[in-house]
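**Q** Below is a structure I'd like to ask you about.
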Amino acid sequence: MNRFKILAAALTVSAFLYTQQRSVFAWNSTGHRIIAYITYNQLEPSVRQAMVELLKQHPRFEKDFQSKMPDVIKERNAATQNRWIFMHAATWPDIARGFNKADREKYHHGTWHYINKPLYLDPASELALSAKLPVNLSTSSEDGTEVLKFNVLQALEFCVKQMNDPAVSPADKAVSLCWIMHLCGDIHQPLHSTALFAKKTFPEGDRGGNLIRFKHSNLHSQWDRLLGTSWKYSDIASKAIGISHDPALKQRGKAATQKMAFETWSDESHVLAIEHVYSPQILAAVKSAEAKGTNLKKLPQLPQSYFQNGGTIASQRAAQAGWRLAAVINSVQ
């Protein structure tokens, strides 16, 4: 192979990897930013400023925030830059996945992003697995669980306590704020609340839909993308404003602040997962694999109506998350 063909092959692989990376992190960049944008609009100007000033105390602010700010944002006024910093903070816990080993061990906490409340495929699976589920279903950060092994409910409670503790440094509070922002988004995504358990096919759960695969993705990533995939600030702002100004969604967001228990939020997501995420088509495919004792094959694409319904749910959950996150921030600042 001559050097031109080698170069072409390398470029093809690079393009593929770049596309894959964007699809994996689409919700993290887009969905979390949309929720943060909605939240920012609900905060008083003084609270916004206080939160941005706190984020500037983040131990990696220069490296992970300032240096990542797009030129198009740097060219705009301070108000836009501050909003961008706030929105970017909601994505930081996922950015930590890519740190070097030492920093990743310090800042990346994989189990904090979810809780795997069980959905059993059938009574036989429940009978066989319910007594020995390999999942952390605790709702308290003070039950003796190691901090690094917290689930999303424990992590949220822990980070709120960090924010309210006067002995905690501003730098550590800035890290906790990023986690609060991110996890308030995560907990409203139905597949961050639920895992499907089947006696033979998924004895340890389907990892929130990650093990239910389609041709080019999996169930979890398809739900992650329902709020959109654009990384453009203007597109994210347009989507967030559309949700905030929609009368029904605005009312849903306001009403959500009457239920501020984190466990309630995950219970809502769990019900949505049961009623809307794990469709009859998905469950039938898993039951077929279970009956045959074979691995679950890649599923055919789901119908467009499934994604239309999912998009409606995603917008509703974004509204609820946005208003609730504002209420949490108001309670800790």
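Scheme for the structure tokens: letters A, B, ... for chains in order shown; per-chain residue numbers from 1; ligand numbers from 1 in order shown.
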Per residue of segment 72-132 of chain A within 12 Å of segment 174-178 of chain A, which atom pair is closest and at what distance in Å (one decimal), using only C-alpha atoms, listed by chain and increasing number, as CSV?

**A**
```
residue,atom,partner,partner_atom,distance
A:Ile85,CA,A:Cys178,CA,10.6
A:Phe86,CA,A:Cys178,CA,8.8
A:Met87,CA,A:Cys178,CA,9.6
A:His88,CA,A:Cys178,CA,8.8
A:Ala89,CA,A:Cys178,CA,5.1
A:Ala90,CA,A:Cys178,CA,5.5
A:Thr91,CA,A:Cys178,CA,7.6
A:Trp92,CA,A:Cys178,CA,6.4
A:Pro93,CA,A:Cys178,CA,6.8
A:Asp94,CA,A:Cys178,CA,10.1
A:Ile95,CA,A:Cys178,CA,10.9
A:Ala96,CA,A:Val175,CA,11.0
A:Lys106,CA,A:Val175,CA,11.1
A:Tyr107,CA,A:Val175,CA,8.5
A:His108,CA,A:Val175,CA,11.0
```

**Q** I want to know what sits within 12 Å of segment 68-78 of chain A, based on only C-alpha atoms, with residues of the same chain fewer than 2 positions away left out; could you give that as JSON, numbers by chain?

**A** {"A": [49, 52, 60, 61, 62, 63, 64, 65, 66, 80, 81, 82, 83, 84, 85, 86, 87, 88, 89, 92, 95, 231, 232, 233, 234]}

**Q** Write out as number ranges by chain the set of residues from segment 19-219 of chain A that DSSP, computed on the backbone, places in strand (DSSP E or B).

**A** A: 117-120, 194-198, 202, 213, 218

**Q** Counting only C-alpha atoms, what is within 12 Å of Arg252 of chain A, bar same-chain residues fewer than 3 positions away, as a PDB file with all heavy atoms, in the first residue's frame?

**A**
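Now in around39.pdb:
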```
ATOM      1  N   ILE A 243     -38.536  24.935  24.738  1.00  0.00           N
ATOM      2  CA  ILE A 243     -39.091  24.179  25.859  1.00  0.00           C
ATOM      3  C   ILE A 243     -39.594  25.127  26.943  1.00  0.00           C
ATOM      4  O   ILE A 243     -40.699  24.971  27.475  1.00  0.00           O
ATOM      5  CB  ILE A 243     -38.036  23.212  26.433  1.00  0.00           C
ATOM      6  CG1 ILE A 243     -37.743  22.083  25.429  1.00  0.00           C
ATOM      7  CG2 ILE A 243     -38.490  22.625  27.767  1.00  0.00           C
ATOM      8  CD1 ILE A 243     -36.599  21.174  25.832  1.00  0.00           C
ATOM      9  N   SER A 244     -38.789  26.141  27.263  1.00  0.00           N
ATOM     10  CA  SER A 244     -39.135  27.076  28.341  1.00  0.00           C
ATOM     11  C   SER A 244     -40.398  27.877  28.049  1.00  0.00           C
ATOM     12  O   SER A 244     -41.146  28.234  28.962  1.00  0.00           O
ATOM     13  CB  SER A 244     -37.973  28.045  28.591  1.00  0.00           C
ATOM     14  OG  SER A 244     -36.816  27.358  28.985  1.00  0.00           O
ATOM     15  N   HIS A 245     -40.631  28.177  26.760  1.00  0.00           N
ATOM     16  CA  HIS A 245     -41.755  29.031  26.383  1.00  0.00           C
ATOM     17  C   HIS A 245     -43.012  28.255  26.002  1.00  0.00           C
ATOM     18  O   HIS A 245     -44.068  28.855  25.826  1.00  0.00           O
ATOM     19  CB  HIS A 245     -41.349  29.956  25.231  1.00  0.00           C
ATOM     20  CG  HIS A 245     -40.375  31.011  25.660  1.00  0.00           C
ATOM     21  ND1 HIS A 245     -39.893  31.982  24.801  1.00  0.00           N
ATOM     22  CD2 HIS A 245     -39.788  31.265  26.859  1.00  0.00           C
ATOM     23  CE1 HIS A 245     -39.050  32.769  25.454  1.00  0.00           C
ATOM     24  NE2 HIS A 245     -38.982  32.352  26.697  1.00  0.00           N
ATOM     25  N   ASP A 246     -42.883  26.945  25.848  1.00  0.00           N
ATOM     26  CA  ASP A 246     -44.056  26.136  25.548  1.00  0.00           C
ATOM     27  C   ASP A 246     -44.949  26.114  26.792  1.00  0.00           C
ATOM     28  O   ASP A 246     -44.504  25.701  27.873  1.00  0.00           O
ATOM     29  CB  ASP A 246     -43.629  24.711  25.185  1.00  0.00           C
ATOM     30  CG  ASP A 246     -44.811  23.819  24.869  1.00  0.00           C
ATOM     31  OD1 ASP A 246     -45.446  23.329  25.818  1.00  0.00           O
ATOM     32  OD2 ASP A 246     -45.094  23.610  23.677  1.00  0.00           O
ATOM     33  N   PRO A 247     -46.200  26.563  26.676  1.00  0.00           N
ATOM     34  CA  PRO A 247     -47.059  26.685  27.868  1.00  0.00           C
ATOM     35  C   PRO A 247     -47.188  25.393  28.674  1.00  0.00           C
ATOM     36  O   PRO A 247     -47.093  25.414  29.905  1.00  0.00           O
ATOM     37  CB  PRO A 247     -48.402  27.122  27.286  1.00  0.00           C
ATOM     38  CG  PRO A 247     -48.055  27.820  26.004  1.00  0.00           C
ATOM     39  CD  PRO A 247     -46.880  27.067  25.455  1.00  0.00           C
ATOM     40  N   ALA A 248     -47.396  24.279  27.985  1.00  0.00           N
ATOM     41  CA  ALA A 248     -47.583  23.010  28.694  1.00  0.00           C
ATOM     42  C   ALA A 248     -46.293  22.556  29.375  1.00  0.00           C
ATOM     43  O   ALA A 248     -46.316  22.080  30.521  1.00  0.00           O
ATOM     44  CB  ALA A 248     -48.072  21.937  27.724  1.00  0.00           C
ATOM     45  N   LEU A 249     -45.166  22.713  28.677  1.00  0.00           N
ATOM     46  CA  LEU A 249     -43.891  22.305  29.253  1.00  0.00           C
ATOM     47  C   LEU A 249     -43.478  23.227  30.397  1.00  0.00           C
ATOM     48  O   LEU A 249     -42.925  22.787  31.412  1.00  0.00           O
ATOM     49  CB  LEU A 249     -42.808  22.272  28.177  1.00  0.00           C
ATOM     50  CG  LEU A 249     -42.975  21.201  27.098  1.00  0.00           C
ATOM     51  CD1 LEU A 249     -41.893  21.327  26.041  1.00  0.00           C
ATOM     52  CD2 LEU A 249     -42.963  19.803  27.713  1.00  0.00           C
ATOM     53  N   ALA A 255     -44.546  22.877  38.010  1.00  0.00           N
ATOM     54  CA  ALA A 255     -45.208  21.913  38.895  1.00  0.00           C
ATOM     55  C   ALA A 255     -44.214  20.913  39.475  1.00  0.00           C
ATOM     56  O   ALA A 255     -44.387  20.426  40.598  1.00  0.00           O
ATOM     57  CB  ALA A 255     -46.321  21.181  38.148  1.00  0.00           C
ATOM     58  N   ALA A 256     -43.159  20.618  38.715  1.00  0.00           N
ATOM     59  CA  ALA A 256     -42.175  19.627  39.155  1.00  0.00           C
ATOM     60  C   ALA A 256     -41.467  20.049  40.430  1.00  0.00           C
ATOM     61  O   ALA A 256     -41.009  19.204  41.210  1.00  0.00           O
ATOM     62  CB  ALA A 256     -41.153  19.384  38.045  1.00  0.00           C
ATOM     63  N   THR A 257     -41.377  21.359  40.675  1.00  0.00           N
ATOM     64  CA  THR A 257     -40.662  21.843  41.861  1.00  0.00           C
ATOM     65  C   THR A 257     -41.441  21.580  43.147  1.00  0.00           C
ATOM     66  O   THR A 257     -40.922  21.818  44.243  1.00  0.00           O
ATOM     67  CB  THR A 257     -40.356  23.347  41.750  1.00  0.00           C
ATOM     68  OG1 THR A 257     -41.588  24.081  41.638  1.00  0.00           O
ATOM     69  CG2 THR A 257     -39.494  23.633  40.532  1.00  0.00           C
ATOM     70  N   GLN A 258     -42.652  21.078  43.022  1.00  0.00           N
ATOM     71  CA  GLN A 258     -43.424  20.687  44.202  1.00  0.00           C
ATOM     72  C   GLN A 258     -43.011  19.296  44.687  1.00  0.00           C
ATOM     73  O   GLN A 258     -43.430  18.874  45.775  1.00  0.00           O
ATOM     74  CB  GLN A 258     -44.923  20.710  43.897  1.00  0.00           C
ATOM     75  CG  GLN A 258     -45.446  22.062  43.448  1.00  0.00           C
ATOM     76  CD  GLN A 258     -45.177  23.148  44.461  1.00  0.00           C
ATOM     77  OE1 GLN A 258     -45.518  23.006  45.637  1.00  0.00           O
ATOM     78  NE2 GLN A 258     -44.564  24.248  44.019  1.00  0.00           N
ATOM     79  N   LYS A 259     -42.213  18.613  43.898  1.00  0.00           N
ATOM     80  CA  LYS A 259     -41.727  17.271  44.264  1.00  0.00           C
ATOM     81  C   LYS A 259     -40.206  17.276  44.140  1.00  0.00           C
ATOM     82  O   LYS A 259     -39.664  17.046  43.061  1.00  0.00           O
ATOM     83  CB  LYS A 259     -42.339  16.207  43.343  1.00  0.00           C
ATOM     84  CG  LYS A 259     -43.860  16.116  43.439  1.00  0.00           C
ATOM     85  CD  LYS A 259     -44.405  15.071  42.478  1.00  0.00           C
ATOM     86  CE  LYS A 259     -45.926  14.973  42.589  1.00  0.00           C
ATOM     87  NZ  LYS A 259     -46.482  13.958  41.644  1.00  0.00           N
ATOM     88  N   ILE A 313     -41.394  12.843  25.538  1.00  0.00           N
ATOM     89  CA  ILE A 313     -41.003  12.549  26.922  1.00  0.00           C
ATOM     90  C   ILE A 313     -39.705  13.261  27.276  1.00  0.00           C
ATOM     91  O   ILE A 313     -39.562  13.831  28.368  1.00  0.00           O
ATOM     92  CB  ILE A 313     -40.859  11.030  27.120  1.00  0.00           C
ATOM     93  CG1 ILE A 313     -42.232  10.360  27.025  1.00  0.00           C
ATOM     94  CG2 ILE A 313     -40.199  10.712  28.463  1.00  0.00           C
ATOM     95  CD1 ILE A 313     -42.179   8.847  26.959  1.00  0.00           C
ATOM     96  N   SER A 315     -38.478  16.062  26.113  1.00  0.00           N
ATOM     97  CA  SER A 315     -38.728  17.492  26.329  1.00  0.00           C
ATOM     98  C   SER A 315     -39.414  17.732  27.673  1.00  0.00           C
ATOM     99  O   SER A 315     -39.094  18.694  28.383  1.00  0.00           O
ATOM    100  CB  SER A 315     -39.588  18.056  25.194  1.00  0.00           C
ATOM    101  OG  SER A 315     -38.880  18.060  23.965  1.00  0.00           O
ATOM    102  N   GLN A 316     -40.343  16.865  28.031  1.00  0.00           N
ATOM    103  CA  GLN A 316     -41.024  16.992  29.321  1.00  0.00           C
ATOM    104  C   GLN A 316     -40.028  16.827  30.470  1.00  0.00           C
ATOM    105  O   GLN A 316     -40.052  17.592  31.444  1.00  0.00           O
ATOM    106  CB  GLN A 316     -42.127  15.952  29.429  1.00  0.00           C
ATOM    107  CG  GLN A 316     -43.291  16.180  28.476  1.00  0.00           C
ATOM    108  CD  GLN A 316     -44.276  15.026  28.449  1.00  0.00           C
ATOM    109  OE1 GLN A 316     -44.000  13.925  28.959  1.00  0.00           O
ATOM    110  NE2 GLN A 316     -45.434  15.249  27.857  1.00  0.00           N
ATOM    111  N   ARG A 317     -39.149  15.841  30.341  1.00  0.00           N
ATOM    112  CA  ARG A 317     -38.172  15.597  31.405  1.00  0.00           C
ATOM    113  C   ARG A 317     -37.136  16.720  31.470  1.00  0.00           C
ATOM    114  O   ARG A 317     -36.663  17.073  32.560  1.00  0.00           O
ATOM    115  CB  ARG A 317     -37.487  14.257  31.192  1.00  0.00           C
ATOM    116  CG  ARG A 317     -38.398  13.062  31.310  1.00  0.00           C
ATOM    117  CD  ARG A 317     -39.078  13.000  32.668  1.00  0.00           C
ATOM    118  NE  ARG A 317     -38.264  12.342  33.687  1.00  0.00           N
ATOM    119  CZ  ARG A 317     -38.523  12.387  34.980  1.00  0.00           C
ATOM    120  NH1 ARG A 317     -39.548  13.083  35.445  1.00  0.00           N
ATOM    121  NH2 ARG A 317     -37.747  11.756  35.842  1.00  0.00           N
ATOM    122  N   ALA A 318     -36.787  17.301  30.332  1.00  0.00           N
ATOM    123  CA  ALA A 318     -35.855  18.427  30.329  1.00  0.00           C
ATOM    124  C   ALA A 318     -36.461  19.619  31.059  1.00  0.00           C
ATOM    125  O   ALA A 318     -35.768  20.319  31.819  1.00  0.00           O
ATOM    126  CB  ALA A 318     -35.487  18.801  28.898  1.00  0.00           C
ATOM    127  N   ALA A 319     -37.748  19.867  30.835  1.00  0.00           N
ATOM    128  CA  ALA A 319     -38.421  20.965  31.538  1.00  0.00           C
ATOM    129  C   ALA A 319     -38.427  20.717  33.040  1.00  0.00           C
ATOM    130  O   ALA A 319     -38.102  21.611  33.834  1.00  0.00           O
ATOM    131  CB  ALA A 319     -39.848  21.115  31.011  1.00  0.00           C
ATOM    132  N   GLN A 320     -38.775  19.508  33.434  1.00  0.00           N
ATOM    133  CA  GLN A 320     -38.792  19.185  34.859  1.00  0.00           C
ATOM    134  C   GLN A 320     -37.400  19.311  35.468  1.00  0.00           C
ATOM    135  O   GLN A 320     -37.230  19.874  36.561  1.00  0.00           O
ATOM    136  CB  GLN A 320     -39.338  17.769  35.060  1.00  0.00           C
ATOM    137  CG  GLN A 320     -40.811  17.631  34.709  1.00  0.00           C
ATOM    138  CD  GLN A 320     -41.288  16.198  34.767  1.00  0.00           C
ATOM    139  OE1 GLN A 320     -40.670  15.298  34.188  1.00  0.00           O
ATOM    140  NE2 GLN A 320     -42.390  15.954  35.466  1.00  0.00           N
ATOM    141  N   ALA A 321     -36.401  18.796  34.769  1.00  0.00           N
ATOM    142  CA  ALA A 321     -35.027  18.863  35.272  1.00  0.00           C
ATOM    143  C   ALA A 321     -34.552  20.304  35.375  1.00  0.00           C
ATOM    144  O   ALA A 321     -33.873  20.683  36.342  1.00  0.00           O
ATOM    145  CB  ALA A 321     -34.098  18.059  34.359  1.00  0.00           C
ATOM    146  N   GLY A 322     -34.885  21.134  34.390  1.00  0.00           N
ATOM    147  CA  GLY A 322     -34.439  22.519  34.386  1.00  0.00           C
ATOM    148  C   GLY A 322     -34.979  23.305  35.561  1.00  0.00           C
ATOM    149  O   GLY A 322     -34.246  24.016  36.246  1.00  0.00           O
ATOM    150  N   TRP A 323     -36.271  23.189  35.804  1.00  0.00           N
ATOM    151  CA  TRP A 323     -36.873  23.920  36.923  1.00  0.00           C
ATOM    152  C   TRP A 323     -36.422  23.354  38.257  1.00  0.00           C
ATOM    153  O   TRP A 323     -36.170  24.093  39.213  1.00  0.00           O
ATOM    154  CB  TRP A 323     -38.388  23.884  36.796  1.00  0.00           C
ATOM    155  CG  TRP A 323     -38.957  25.130  36.186  1.00  0.00           C
ATOM    156  CD1 TRP A 323     -39.356  26.263  36.851  1.00  0.00           C
ATOM    157  CD2 TRP A 323     -39.193  25.393  34.792  1.00  0.00           C
ATOM    158  NE1 TRP A 323     -39.821  27.210  35.951  1.00  0.00           N
ATOM    159  CE2 TRP A 323     -39.740  26.708  34.685  1.00  0.00           C
ATOM    160  CE3 TRP A 323     -39.007  24.666  33.623  1.00  0.00           C
ATOM    161  CZ2 TRP A 323     -40.093  27.287  33.463  1.00  0.00           C
ATOM    162  CZ3 TRP A 323     -39.362  25.239  32.399  1.00  0.00           C
ATOM    163  CH2 TRP A 323     -39.889  26.536  32.331  1.00  0.00           C
ATOM    164  N   ARG A 324     -36.317  22.035  38.352  1.00  0.00           N
ATOM    165  CA  ARG A 324     -35.885  21.433  39.612  1.00  0.00           C
ATOM    166  C   ARG A 324     -34.431  21.784  39.929  1.00  0.00           C
ATOM    167  O   ARG A 324     -34.083  22.050  41.087  1.00  0.00           O
ATOM    168  CB  ARG A 324     -36.064  19.913  39.546  1.00  0.00           C
ATOM    169  CG  ARG A 324     -37.499  19.471  39.758  1.00  0.00           C
ATOM    170  CD  ARG A 324     -37.701  18.004  39.438  1.00  0.00           C
ATOM    171  NE  ARG A 324     -39.000  17.533  39.904  1.00  0.00           N
ATOM    172  CZ  ARG A 324     -39.558  16.386  39.538  1.00  0.00           C
ATOM    173  NH1 ARG A 324     -38.924  15.579  38.677  1.00  0.00           N
ATOM    174  NH2 ARG A 324     -40.737  16.014  40.010  1.00  0.00           N
TER     175      ARG A 324
END
```

**Q** Have a look at A:Lys254, A:Lys199, A:Lys298, A:His32 and name the one nearest to Lys132 of chain A; count only C-alpha atoms.

**A**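 Closest residue, counting only C-alpha atoms: A:Lys199.
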